[in-house]
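Chemist: I am sharing input_25.txt, which consists of compact mmCIF, C-alpha atoms:
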# COMPACT_ATOMS: atom_id res chain seq x y z
CA MET P 49 286.35 138.91 66.19
CA ALA P 50 288.24 142.16 65.93
CA THR P 51 286.28 143.15 62.93
CA ARG P 52 284.16 145.93 64.28
CA HIS P 53 286.78 148.39 65.26
CA SER P 54 286.46 150.57 62.24
CA LYS P 55 284.85 153.85 62.98
CA LEU P 56 284.15 154.27 59.34
CA TRP P 57 282.01 151.25 59.08
CA ARG P 58 280.10 152.04 62.20
CA SER P 59 279.38 155.48 60.99
CA VAL P 60 278.22 154.07 57.71
CA GLN P 61 275.61 152.02 59.41
CA ARG P 62 274.70 154.59 61.98
CA SER P 63 274.07 157.44 59.67
CA ARG P 64 272.35 155.81 56.79
CA ASN P 65 268.97 157.19 57.66
CA GLY P 66 270.02 160.66 58.46
CA SER P 67 272.76 161.39 56.05
CA SER P 68 270.90 162.35 52.95
CA VAL P 69 271.43 166.02 53.20
CA SER P 70 269.60 167.96 50.62
CA CYS P 71 272.64 168.87 48.67
CA ARG P 72 270.65 170.31 45.82
CA SER P 73 269.56 173.04 48.08
CA VAL P 74 273.06 174.08 48.98
CA PRO P 75 275.20 173.94 45.86
CA ILE P 76 277.65 176.70 46.25
CA CYS P 77 277.53 177.33 42.54
CA ALA P 78 274.02 178.64 43.01
CA ALA P 79 275.44 181.69 44.66
CA ARG P 80 278.10 182.43 42.16
CA SER P 81 276.61 185.68 41.10
CA LYS P 82 276.14 186.89 44.62
CA GLN P 83 279.48 187.64 46.00
CA VAL P 84 279.21 187.90 49.70
CA LEU P 85 282.77 187.40 50.71
CA GLU P 86 285.97 189.25 50.26
CA PRO P 87 288.24 188.46 47.32
CA PRO P 88 289.20 184.95 46.66
CA VAL P 89 290.99 182.63 48.89
CA ARG P 90 292.27 180.96 45.81
CA SER P 91 295.58 182.72 46.15
CA ARG P 92 296.72 179.76 48.17
CA PRO P 93 295.68 176.89 46.03
CA LEU P 94 296.01 173.35 47.13
CA VAL P 95 298.06 172.28 44.21
CA GLY P 96 300.03 169.19 44.77
CA ARG P 97 300.82 165.72 43.86
CA ARG P 98 298.19 163.24 43.04
CA SER P 99 297.47 160.48 45.46
CA MET P 100 294.45 158.64 44.33
CA LEU P 101 292.52 156.06 46.17
CA ARG P 102 294.04 152.85 45.14
CA LEU P 103 291.72 150.33 43.74
CA MET P 104 293.94 147.36 43.97
CA GLY P 105 292.92 144.22 42.30
CA VAL P 106 293.16 141.04 44.26
CA ALA P 107 292.46 137.66 42.91
CA ALA P 108 288.85 136.89 43.45
CA LEU P 109 288.13 134.35 46.09
CA GLY P 110 286.30 131.26 45.19
CA LEU P 111 283.69 132.35 47.65
CA VAL P 112 282.62 135.41 45.79
CA ALA P 113 283.16 133.82 42.44
CA SER P 114 280.61 131.26 43.41
CA CYS P 115 278.36 133.98 44.66
CA ARG P 116 278.54 135.70 41.34
CA SER P 117 277.71 132.64 39.36
CA GLY P 118 274.89 131.88 41.74
CA GLY P 119 273.43 135.29 41.20
CA GLN P 120 273.73 135.13 37.48
CA ALA P 121 272.15 131.76 37.32
CA THR P 122 268.92 133.08 38.69
CA ALA P 123 268.97 136.55 37.32
CA PRO P 124 267.01 136.83 34.10
CA ALA P 125 269.43 138.79 32.06
CA THR P 126 267.35 138.87 28.94
CA PRO P 127 263.62 138.48 29.14
CA ALA P 128 262.00 136.03 26.82
CA ALA P 129 259.96 138.76 25.26
CA SER P 130 263.01 140.59 24.10
CA THR P 131 262.46 140.40 20.43
CA THR P 132 264.21 143.64 19.69
CA PRO P 133 267.77 144.47 20.58
CA PRO P 134 267.94 147.40 22.96
CA SER P 135 270.11 149.58 20.85
CA ARG P 136 268.34 149.13 17.59
CA THR P 137 264.94 150.41 18.45
CA PRO P 138 264.49 154.11 18.01
CA ARG P 139 263.31 155.59 21.25
CA PRO P 140 260.87 158.43 21.28
CA ALA P 141 262.06 161.00 23.73
CA ALA P 142 258.87 160.71 25.69
CA THR P 143 259.54 157.09 26.57
CA SER P 144 263.07 157.55 27.76
CA THR P 145 262.04 157.64 31.34
CA LEU P 146 262.03 155.16 34.12
CA PRO P 147 260.43 151.85 33.35
CA SER P 148 256.82 152.41 32.75
CA THR P 149 254.48 150.99 35.29
CA THR P 150 251.91 150.28 32.68
CA SER P 151 253.65 147.18 31.40
CA VAL P 152 254.22 145.76 34.86
CA SER P 153 250.60 144.86 35.32
CA PRO P 154 250.12 141.11 35.35
CA THR P 155 248.10 140.92 32.21
CA PRO P 156 248.22 137.57 30.47
CA THR P 157 249.04 139.09 27.14
CA VAL P 158 252.65 139.17 26.10
CA SER P 159 253.81 142.59 25.14
CA ALA P 160 257.19 143.62 23.94
CA LEU P 161 259.37 145.52 26.33
CA SER P 162 260.65 148.87 25.33
CA ALA P 163 264.34 149.35 24.82
CA ASP P 164 264.60 151.25 28.08
CA GLU P 165 262.74 148.54 29.92
CA LEU P 166 265.15 145.98 28.61
CA VAL P 167 268.11 147.96 29.87
CA ALA P 168 266.42 148.54 33.21
CA GLN P 169 265.79 144.83 33.56
CA ARG P 170 269.36 144.02 32.65
CA VAL P 171 270.68 146.38 35.29
CA ALA P 172 268.12 145.10 37.77
CA ALA P 173 269.39 141.58 37.17
CA ALA P 174 272.90 142.75 37.89
CA GLU P 175 271.71 144.34 41.11
CA GLN P 176 270.05 141.06 42.06
CA ALA P 177 273.38 139.37 41.51
CA MET P 178 275.08 141.87 43.79
CA LEU P 179 272.46 141.26 46.44
CA ALA P 180 273.08 137.56 46.13
CA ALA P 181 276.80 138.07 46.55
CA TYR P 182 276.33 140.07 49.74
CA ASP P 183 273.84 137.52 51.02
CA ALA P 184 276.28 134.70 50.37
CA VAL P 185 279.04 136.50 52.23
CA ALA P 186 276.72 137.24 55.12
CA LEU P 187 275.74 133.62 55.23
CA ALA P 188 279.27 132.32 55.23
CA HIS P 189 280.65 135.09 57.43
CA PRO P 190 277.91 136.31 59.75
CA GLU P 191 280.39 138.43 61.63
CA LEU P 192 280.68 140.67 58.57
CA ALA P 193 276.98 140.96 57.87
CA GLY P 194 276.54 144.08 59.96
CA ARG P 195 279.32 145.96 58.28
CA LEU P 196 278.04 145.02 54.85
CA ALA P 197 274.40 145.77 55.53
CA ALA P 198 274.60 149.35 54.28
CA PHE P 199 276.22 148.22 51.04
CA ARG P 200 273.56 145.62 50.49
CA ALA P 201 270.86 148.16 51.24
CA ASP P 202 272.15 150.39 48.46
CA HIS P 203 271.81 147.60 45.92
CA LEU P 204 268.31 146.94 47.12
CA ALA P 205 267.54 150.61 46.60
CA HIS P 206 269.01 150.35 43.11
CA LEU P 207 266.84 147.37 42.31
CA GLN P 208 263.71 149.08 43.50
CA GLY P 209 264.66 152.29 41.73
CA LEU P 210 264.94 150.41 38.47
CA VAL P 211 261.92 148.20 38.84
CA PRO P 212 259.61 149.78 41.40
CA ALA P 213 257.60 146.63 41.81
CA ALA P 214 260.62 144.45 42.31
CA THR P 215 261.33 142.62 45.48
CA PRO P 216 264.66 141.04 46.13
CA SER P 217 264.77 137.36 45.52
CA THR P 218 266.28 136.97 48.94
CA THR P 219 266.15 138.73 52.22
CA PRO P 220 268.98 138.96 54.68
CA SER P 221 267.01 137.25 57.41
CA THR P 222 266.28 134.10 55.48
CA THR P 223 268.41 131.60 53.72
CA PRO P 224 269.13 132.95 50.27
CA ALA P 225 267.61 130.72 47.68
CA VAL P 226 270.07 131.70 45.01
CA SER P 227 273.32 131.61 46.87
CA PRO P 228 275.39 128.50 47.25
CA PRO P 229 275.19 126.70 50.56
CA ALA P 230 277.48 128.03 53.19
CA SER P 231 279.44 124.83 53.32
CA SER P 232 280.28 124.85 49.66
CA ALA P 233 280.96 128.56 49.76
CA ALA P 234 283.38 128.10 52.58
CA SER P 235 285.13 125.18 50.98
CA ALA P 236 285.27 126.51 47.45
CA GLY P 237 288.02 128.95 48.17
CA PRO P 238 291.62 128.55 47.22
CA PRO P 239 293.11 125.54 48.91
CA LEU P 240 296.02 127.50 50.27
CA SER P 241 293.92 129.41 52.75
CA SER P 242 291.10 127.68 54.47
CA ALA P 243 289.54 130.84 55.86
CA PRO P 244 289.76 134.11 53.94
CA THR P 245 290.42 137.16 56.02
CA SER P 246 287.87 139.92 56.19
CA ALA P 247 290.18 142.08 54.11
CA GLU P 248 290.25 139.45 51.39
CA ILE P 249 286.49 139.21 51.40
CA PHE P 250 286.13 142.97 51.20
CA GLN P 251 288.62 143.01 48.37
CA SER P 252 286.61 140.46 46.45
CA LEU P 253 283.45 142.44 46.94
CA ALA P 254 285.34 145.54 45.85
CA ASN P 255 286.25 143.75 42.63
CA LEU P 256 282.62 142.87 42.04
CA GLU P 257 281.57 146.46 42.67
CA ARG P 258 284.26 147.78 40.36
CA THR P 259 283.16 145.44 37.60
CA ALA P 260 279.57 146.47 38.15
CA ALA P 261 280.43 150.17 37.97
CA ALA P 262 282.22 149.61 34.69
CA ALA P 263 279.24 147.72 33.33
CA ARG P 264 276.95 150.62 34.19
CA LEU P 265 278.98 152.81 31.84
CA GLY P 266 278.02 150.49 29.04
CA ASP P 267 274.42 150.37 30.17
CA VAL P 268 274.19 154.13 30.16
CA ALA P 269 275.24 154.27 26.55
CA THR P 270 271.99 152.70 25.40
CA THR P 271 269.74 155.02 27.33
CA THR P 272 268.81 158.66 27.61
CA GLY P 273 266.94 160.88 29.97
CA SER P 274 266.11 159.98 33.52
CA LEU P 275 266.93 156.31 33.08
CA ALA P 276 270.41 157.23 31.89
CA ARG P 277 270.84 159.46 34.93
CA LEU P 278 269.60 156.73 37.24
CA ILE P 279 271.93 154.10 35.83
CA ALA P 280 274.86 156.50 35.88
CA SER P 281 274.10 157.28 39.51
CA ILE P 282 273.95 153.60 40.34
CA GLY P 283 277.34 153.22 38.74
CA GLY P 284 278.62 156.06 40.87
CA CYS P 285 277.40 154.34 43.99
CA GLU P 286 279.06 151.10 42.96
CA ALA P 287 282.30 152.90 42.24
CA ALA P 288 282.15 154.43 45.71
CA HIS P 289 281.43 151.00 47.18
CA ALA P 290 284.48 149.62 45.44
CA ALA P 291 286.67 152.42 46.80
CA LEU P 292 285.45 151.98 50.36
CA LEU P 293 285.66 148.20 50.28
CA SER P 294 289.12 148.19 48.77
CA VAL P 295 290.54 149.96 51.81
CA ALA P 296 288.48 148.11 54.40
CA THR P 297 290.10 145.55 56.64
CA MET Y 32 268.76 182.35 21.45
CA SER Y 33 268.79 179.31 23.63
CA ASP Y 34 271.49 176.77 24.13
CA SER Y 35 270.99 173.13 23.37
CA PRO Y 36 270.31 170.89 26.36
CA VAL Y 37 273.82 169.48 26.12
CA VAL Y 38 275.40 172.92 26.12
CA THR Y 39 273.21 174.01 29.01
CA ALA Y 40 274.20 170.95 31.03
CA LEU Y 41 277.88 171.41 30.23
CA LEU Y 42 277.76 175.07 31.19
CA ALA Y 43 276.21 174.10 34.51
CA ALA Y 44 278.88 171.46 35.01
CA ALA Y 45 281.61 173.99 34.31
CA ALA Y 46 280.08 176.38 36.83
CA ALA Y 47 279.91 173.55 39.38
CA GLU Y 48 283.54 172.66 38.74
CA ASN Y 49 284.64 176.25 39.21
CA ALA Y 50 282.72 176.38 42.47
CA ALA Y 51 284.33 173.10 43.51
CA VAL Y 52 287.79 174.51 42.91
CA TYR Y 53 286.94 177.42 45.16
CA GLY Y 54 285.38 175.18 47.79
CA TYR Y 55 288.42 172.92 47.98
CA SER Y 56 290.69 175.91 48.33
CA VAL Y 57 288.65 177.03 51.32
CA ALA Y 58 288.04 173.69 52.99
CA GLY Y 59 291.37 172.04 52.30
CA ALA Y 60 293.16 174.04 54.92
CA LYS Y 61 290.70 173.02 57.61
CA LEU Y 62 291.08 169.30 57.16
CA ALA Y 63 292.56 167.52 60.12
CA THR Y 64 294.92 164.92 58.71
CA GLY Y 65 297.69 164.95 56.18
CA GLN Y 66 295.99 162.11 54.37
CA ALA Y 67 292.83 164.15 54.00
CA LYS Y 68 294.78 167.18 52.87
CA ASN Y 69 296.51 165.10 50.23
CA ALA Y 70 293.17 163.76 49.04
CA ALA Y 71 291.87 167.31 48.88
CA ARG Y 72 294.84 168.41 46.79
CA THR Y 73 294.24 165.54 44.41
CA ALA Y 74 290.58 166.45 44.14
CA TYR Y 75 291.43 170.11 43.69
CA ASP Y 76 293.68 169.21 40.78
CA ALA Y 77 290.99 166.98 39.31
CA HIS Y 78 288.39 169.73 39.42
CA ARG Y 79 290.75 172.24 37.88
CA ALA Y 80 291.48 169.77 35.12
CA GLN Y 81 287.77 169.22 34.56
CA VAL Y 82 287.25 172.93 34.08
CA GLN Y 83 289.66 172.73 31.20
CA THR Y 84 288.07 169.56 29.84
CA LEU Y 85 284.60 171.08 29.96
CA THR Y 86 285.90 174.20 28.29
CA GLN Y 87 287.17 172.05 25.45
CA TRP Y 88 283.94 170.14 25.19
CA LEU Y 89 281.99 173.39 25.07
CA ALA Y 90 284.34 174.88 22.54
CA GLY Y 91 283.53 171.95 20.30
CA LEU Y 92 279.89 172.96 20.58
CA GLY Y 93 280.56 176.61 19.96
CA ALA Y 94 280.08 177.70 23.55
CA THR Y 95 282.26 179.21 26.22
CA PRO Y 96 281.79 178.70 29.95
CA ALA Y 97 281.47 181.66 32.23
CA PRO Y 98 284.68 182.48 34.05
CA ALA Y 99 285.00 181.50 37.65
CA ALA Y 100 283.55 183.91 40.11
CA PRO Y 101 286.07 185.52 42.42
CA VAL Y 102 284.25 184.21 45.44
CA TYR Y 103 281.34 181.92 46.19
CA ARG Y 104 278.88 181.84 48.98
CA LEU Y 105 279.28 178.81 51.18
CA PRO Y 106 276.23 177.03 52.54
CA ASN Y 107 277.79 176.96 55.98
CA PRO Y 108 280.90 178.45 57.51
CA VAL Y 109 283.95 176.24 57.25
CA VAL Y 110 285.61 176.48 60.61
CA ASP Y 111 286.95 173.04 61.37
CA ASN Y 112 287.47 169.54 60.07
CA PRO Y 113 283.83 168.39 60.24
CA THR Y 114 282.49 171.49 58.52
CA ALA Y 115 285.20 171.19 55.89
CA ARG Y 116 284.31 167.58 55.15
CA SER Y 117 280.64 168.46 55.05
CA LEU Y 118 281.27 171.16 52.49
CA LEU Y 119 283.41 168.89 50.35
CA ALA Y 120 280.78 166.16 50.42
CA ALA Y 121 278.14 168.66 49.36
CA ILE Y 122 280.42 169.93 46.62
CA GLU Y 123 280.96 166.46 45.24
CA GLU Y 124 277.25 165.74 45.33
CA SER Y 125 276.66 168.90 43.32
CA ILE Y 126 279.35 167.78 40.87
CA ALA Y 127 277.77 164.36 40.56
CA ALA Y 128 274.41 166.01 39.97
CA ALA Y 129 275.84 168.20 37.26
CA TYR Y 130 277.29 165.23 35.42
CA ALA Y 131 274.11 163.25 35.91
CA ASP Y 132 272.35 166.02 34.03
CA VAL Y 133 274.93 165.76 31.24
CA VAL Y 134 274.44 162.00 31.09
CA GLY Y 135 270.71 162.54 30.69
CA VAL Y 136 271.00 164.69 27.61
CA ALA Y 137 274.27 163.67 25.98
CA SER Y 138 275.20 160.63 23.95
CA GLY Y 139 278.25 158.82 22.75
CA GLN Y 140 281.66 159.60 24.17
CA LEU Y 141 280.46 162.72 25.94
CA GLN Y 142 277.80 160.76 27.81
CA HIS Y 143 280.32 158.07 28.70
CA ASP Y 144 282.85 160.58 29.98
CA ALA Y 145 280.20 162.35 32.03
CA ALA Y 146 279.15 159.06 33.60
CA LEU Y 147 282.78 158.40 34.45
CA GLU Y 148 283.10 161.81 36.07
CA LEU Y 149 279.96 161.11 38.06
CA GLN Y 150 281.66 157.98 39.38
CA ALA Y 151 284.76 159.91 40.32
CA ALA Y 152 282.66 162.46 42.17
CA ALA Y 153 280.75 159.70 43.94
CA ILE Y 154 284.00 158.16 45.12
CA ARG Y 155 285.18 161.47 46.49
CA GLU Y 156 281.81 162.18 48.04
CA ALA Y 157 281.91 158.88 49.92
CA GLN Y 158 285.42 159.71 51.02
CA TRP Y 159 284.33 162.96 52.65
CA ARG Y 160 281.03 161.73 53.88
CA THR Y 161 282.27 158.35 55.11
CA THR Y 162 278.75 157.19 54.67
CA LEU Y 163 277.02 155.69 51.71
CA VAL Y 164 274.69 157.38 49.29
CA PRO Y 165 272.65 155.00 47.14
CA PHE Y 166 272.09 157.51 44.35
CA PRO Y 167 274.95 159.99 44.15
CA GLY Y 168 274.05 162.94 41.99
CA LEU Y 169 270.37 162.31 42.52
CA VAL Y 170 270.16 163.03 46.23
CA GLY Y 171 266.94 164.83 46.86
CA ARG Y 172 265.92 164.44 43.24
CA LEU Y 173 264.38 161.01 43.27
CA PRO Y 174 260.84 160.43 44.43
CA GLY Y 175 260.74 158.21 47.46
Take the structure in this file and express it as structure tokens.

Modeler:
Amino acid sequence: MATRHSKLWRSVQRSRNGSSVSCRSVPICAARSKQVLEPPVRSRPLVGRRSMLRLMGVAALGLVASCRSGGQATAPATPAASTTPPSRTPRPAATSTLPSTTSVSPTPTVSALSADELVAQRVAAAEQAMLAAYDAVALAHPELAGRLAAFRADHLAHLQGLVPAATPSTTPSTTPAVSPPASSAASAGPPLSSAPTSAEIFQSLANLERTAAAARLGDVATTTGSLARLIASIGGCEAAHAALLSVAT
Amino acid sequence: MSDSPVVTALLAAAAAENAAVYGYSVAGAKLATGQAKNAARTAYDAHRAQVQTLTQWLAGLGATPAPAAPVYRLPNPVVDNPTARSLLAAIEESIAAAYADVVGVASGQLQHDAALELQAAAIREAQWRTTLVPFPGLVGRLPG
């Protein structure tokens, strides 16, 4: 009902396609040696008291908890071909890039995945789980689907950035195969409240995003090079998601 | 002589943090709401603290960051609330990019801390941008 009043969320959806300013072309540090202005304005610094965004934890709703388990159930966390632990295999520097496309070809032979590929697949599975969570929420609460679309789209971008050939196991327009039925999702919540508020749902998603961002820190530790940067960036996005969702109502 | 990749990335991060401190000092005054000004002060403090942290990290590697420049060129004039927020979003993206570069070449605790700083920058960037960025720190640097 009164769920679409937030300017923030509208602007999120409206500006997704046009908001990627080319920040690399305008870093102000690039001009540090060319002083074009008069002496510093830093004489009036903005020192003050900290007031951080609060990332409040709220007990996860049964709804999202079921979403999470649904996603994990179908997400192949560890491929069968993983005969070598990711952190044990020495990685030549040359292979510490994004997952190679050479091993994605559907050849019948079974080849071992590189350590980086294993990490990429693990993170991709986590992104699939996030997609499933958003799909389950959209299914149970269609009125929120529009506001969450941009968040879901980011996770899809993550998935495809990790595994270029990947396609999401579900699409928003069809019934998600991995998410629990809407009826069970709606009835699996705490018995004290039959219908979670939008704020509670956002809070639960924020918790998922926060957990995901923390997991990316661990994933980064086993990688180097461009894959490490990619996973760290994905974690940054998820941290931002958590911050935005935690203050959404 | 040439610095190691880690030192090079940390020096760039320190330069970006110094620029961020300057940028916040310029843009903070143009923000419209008290809430935004408070957030800017918090971020300003965080960037100043990171300059010190990076200085310590570099000292451990035998390097010293360049001092902050007295003034920095801004990509666009900061004249009002929207231009201030735009600058701060661009600053945080540049910070995220700097730490992404550290993550790519560092390992261990340093890599972890850099990834954490990237997340902090991404949170602030989203705050100023009020839109989502799927790959903070990699904007314009990923194919496709």

Chemist: As an exercise, work out the distance from CA of Pro167 (chain Y) to CA of Ala43 (chain Y) in Å and give it to one decimal place.

Modeler: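 Distance reported for this atom pair: 17.1 Å.
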
Chemist: Taking all atoms listed in the file into account, name the residue in Y:Ala60, Y:Val37, Y:Ala77, Y:Ala99 that is nearest to Ile126 (chain Y).

Modeler: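 The closest residue to Ile126 (chain Y) is Y:Ala77.
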
Chemist: Please list as a PyMOL selection string every residue within 6 Å of region 109-123 of chain Y, counting only C-alpha atoms and excluding residues in the same chain fewer than 4 positions away.

Modeler: (chain P and resi 71) or (chain Y and resi 51+58+61-63+152+156+159-160)

Chemist: Using all atoms listed in the file and a distance of at most 7 Å, pull out the residues of chain Y that contact chain P, as a PDB file with C-alpha atoms, keeping the file's coordinate frame.

Modeler:
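And here is the file that came out, out-v1.pdb:
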ATOM      1  CA  ALA Y  46     280.080 176.380  36.830  1.00  0.00           C
ATOM      2  CA  ALA Y  47     279.910 173.550  39.380  1.00  0.00           C
ATOM      3  CA  ALA Y  50     282.720 176.380  42.470  1.00  0.00           C
ATOM      4  CA  TYR Y  53     286.940 177.420  45.160  1.00  0.00           C
ATOM      5  CA  SER Y  56     290.690 175.910  48.330  1.00  0.00           C
ATOM      6  CA  VAL Y  57     288.650 177.030  51.320  1.00  0.00           C
ATOM      7  CA  ASN Y  69     296.510 165.100  50.230  1.00  0.00           C
ATOM      8  CA  ALA Y  70     293.170 163.760  49.040  1.00  0.00           C
ATOM      9  CA  ARG Y  72     294.840 168.410  46.790  1.00  0.00           C
ATOM     10  CA  THR Y  73     294.240 165.540  44.410  1.00  0.00           C
ATOM     11  CA  TYR Y  75     291.430 170.110  43.690  1.00  0.00           C
ATOM     12  CA  ASP Y  76     293.680 169.210  40.780  1.00  0.00           C
ATOM     13  CA  ALA Y 100     283.550 183.910  40.110  1.00  0.00           C
ATOM     14  CA  PRO Y 101     286.070 185.520  42.420  1.00  0.00           C
ATOM     15  CA  VAL Y 102     284.250 184.210  45.440  1.00  0.00           C
ATOM     16  CA  TYR Y 103     281.340 181.920  46.190  1.00  0.00           C
ATOM     17  CA  ARG Y 104     278.880 181.840  48.980  1.00  0.00           C
ATOM     18  CA  LEU Y 105     279.280 178.810  51.180  1.00  0.00           C
ATOM     19  CA  PRO Y 106     276.230 177.030  52.540  1.00  0.00           C
ATOM     20  CA  ALA Y 121     278.140 168.660  49.360  1.00  0.00           C
ATOM     21  CA  ILE Y 122     280.420 169.930  46.620  1.00  0.00           C
ATOM     22  CA  GLU Y 124     277.250 165.740  45.330  1.00  0.00           C
ATOM     23  CA  SER Y 125     276.660 168.900  43.320  1.00  0.00           C
ATOM     24  CA  ALA Y 131     274.110 163.250  35.910  1.00  0.00           C
ATOM     25  CA  ASP Y 132     272.350 166.020  34.030  1.00  0.00           C
ATOM     26  CA  VAL Y 134     274.440 162.000  31.090  1.00  0.00           C
ATOM     27  CA  GLY Y 135     270.710 162.540  30.690  1.00  0.00           C
ATOM     28  CA  VAL Y 136     271.000 164.690  27.610  1.00  0.00           C
ATOM     29  CA  SER Y 138     275.200 160.630  23.950  1.00  0.00           C
ATOM     30  CA  GLY Y 139     278.250 158.820  22.750  1.00  0.00           C
ATOM     31  CA  HIS Y 143     280.320 158.070  28.700  1.00  0.00           C
ATOM     32  CA  ALA Y 146     279.150 159.060  33.600  1.00  0.00           C
ATOM     33  CA  LEU Y 149     279.960 161.110  38.060  1.00  0.00           C
ATOM     34  CA  GLN Y 150     281.660 157.980  39.380  1.00  0.00           C
ATOM     35  CA  ALA Y 153     280.750 159.700  43.940  1.00  0.00           C
ATOM     36  CA  ILE Y 154     284.000 158.160  45.120  1.00  0.00           C
ATOM     37  CA  ALA Y 157     281.910 158.880  49.920  1.00  0.00           C
ATOM     38  CA  THR Y 161     282.270 158.350  55.110  1.00  0.00           C
ATOM     39  CA  THR Y 162     278.750 157.190  54.670  1.00  0.00           C
ATOM     40  CA  LEU Y 163     277.020 155.690  51.710  1.00  0.00           C
ATOM     41  CA  VAL Y 164     274.690 157.380  49.290  1.00  0.00           C
ATOM     42  CA  PRO Y 165     272.650 155.000  47.140  1.00  0.00           C
ATOM     43  CA  PHE Y 166     272.090 157.510  44.350  1.00  0.00           C
ATOM     44  CA  PRO Y 167     274.950 159.990  44.150  1.00  0.00           C
ATOM     45  CA  GLY Y 168     274.050 162.940  41.990  1.00  0.00           C
ATOM     46  CA  LEU Y 169     270.370 162.310  42.520  1.00  0.00           C
ATOM     47  CA  VAL Y 170     270.160 163.030  46.230  1.00  0.00           C
ATOM     48  CA  GLY Y 171     266.940 164.830  46.860  1.00  0.00           C
TER      49      GLY Y 171
END

Chemist: Work out how far apart CA of Ala247 (chain P) and CA of Gly194 (chain P) are and give it in Å to one decimal.

Modeler: 15.0 Å

Chemist: Enumerate, as a PyMOL selection string, the protein, DNA and RNA residues whose atoms approach (275.6, 175.7, 26.8) to within 10 Å, taking into account all atoms listed in the file and the coordinate frame of the file.

Modeler: chain Y and resi 33-45+89-90+92-97

Chemist: Enclose the full set of atoms of region 35-50 of chain Y listed in the file within a box whose edges lie along x, y and z, apply 8 Å of padding to each of the six sides, and report centre and edge lengths in Å to one decimal as AutoDock Vina command-line options.

Modeler:
--center_x 277.5 --center_y 172.9 --center_z 32.9 --size_x 30.3 --size_y 22.9 --size_z 35.1

Chemist: What is the distance, in Å and to one decimal place, between CA of Ala163 (chain P) and CA of Ala260 (chain P)?

Modeler: 20.4 Å

Chemist: Quick one: of P:Ser246, P:Glu191, P:Thr259, P:Gln208, who's nearest to Ala168 (chain P), counting only C-alpha atoms?

Modeler: P:Gln208

Chemist: Which is closest to Ala129 (chain Y) among Y:Gln83, Y:Glu48, Y:Pro108, Y:Gly91, if we use only C-alpha atoms?

Modeler: Y:Glu48

Chemist: Could you model N, CA and C atoms for region 67-78 of chain Y and present them as a PDB file, in the frame of the given file?

Modeler:
ATOM      1  N   ALA Y  67     293.989 163.437  54.548  1.00  0.00           N
ATOM      2  CA  ALA Y  67     292.830 164.150  54.000  1.00  0.00           C
ATOM      3  C   ALA Y  67     293.273 165.350  53.171  1.00  0.00           C
ATOM      4  N   LYS Y  68     294.297 166.039  53.635  1.00  0.00           N
ATOM      5  CA  LYS Y  68     294.780 167.180  52.870  1.00  0.00           C
ATOM      6  C   LYS Y  68     295.319 166.730  51.517  1.00  0.00           C
ATOM      7  N   ASN Y  69     296.018 165.622  51.502  1.00  0.00           N
ATOM      8  CA  ASN Y  69     296.510 165.100  50.230  1.00  0.00           C
ATOM      9  C   ASN Y  69     295.359 164.748  49.309  1.00  0.00           C
ATOM     10  N   ALA Y  70     294.333 164.113  49.861  1.00  0.00           N
ATOM     11  CA  ALA Y  70     293.170 163.760  49.040  1.00  0.00           C
ATOM     12  C   ALA Y  70     292.507 165.024  48.505  1.00  0.00           C
ATOM     13  N   ALA Y  71     292.485 166.052  49.327  1.00  0.00           N
ATOM     14  CA  ALA Y  71     291.870 167.310  48.880  1.00  0.00           C
ATOM     15  C   ALA Y  71     292.695 167.944  47.759  1.00  0.00           C
ATOM     16  N   ARG Y  72     294.002 167.866  47.869  1.00  0.00           N
ATOM     17  CA  ARG Y  72     294.840 168.410  46.790  1.00  0.00           C
ATOM     18  C   ARG Y  72     294.594 167.663  45.492  1.00  0.00           C
ATOM     19  N   THR Y  73     294.501 166.338  45.603  1.00  0.00           N
ATOM     20  CA  THR Y  73     294.240 165.540  44.410  1.00  0.00           C
ATOM     21  C   THR Y  73     292.903 165.932  43.789  1.00  0.00           C
ATOM     22  N   ALA Y  74     291.901 166.083  44.639  1.00  0.00           N
ATOM     23  CA  ALA Y  74     290.580 166.450  44.140  1.00  0.00           C
ATOM     24  C   ALA Y  74     290.601 167.866  43.546  1.00  0.00           C
ATOM     25  N   TYR Y  75     291.306 168.741  44.203  1.00  0.00           N
ATOM     26  CA  TYR Y  75     291.430 170.110  43.690  1.00  0.00           C
ATOM     27  C   TYR Y  75     292.008 170.087  42.279  1.00  0.00           C
ATOM     28  N   ASP Y  76     293.078 169.328  42.111  1.00  0.00           N
ATOM     29  CA  ASP Y  76     293.680 169.210  40.780  1.00  0.00           C
ATOM     30  C   ASP Y  76     292.698 168.638  39.778  1.00  0.00           C
ATOM     31  N   ALA Y  77     291.945 167.630  40.223  1.00  0.00           N
ATOM     32  CA  ALA Y  77     290.990 166.980  39.310  1.00  0.00           C
ATOM     33  C   ALA Y  77     289.918 167.970  38.867  1.00  0.00           C
ATOM     34  N   HIS Y  78     289.442 168.771  39.786  1.00  0.00           N
ATOM     35  CA  HIS Y  78     288.390 169.730  39.420  1.00  0.00           C
ATOM     36  C   HIS Y  78     288.937 170.827  38.505  1.00  0.00           C
TER      37      HIS Y  78
END
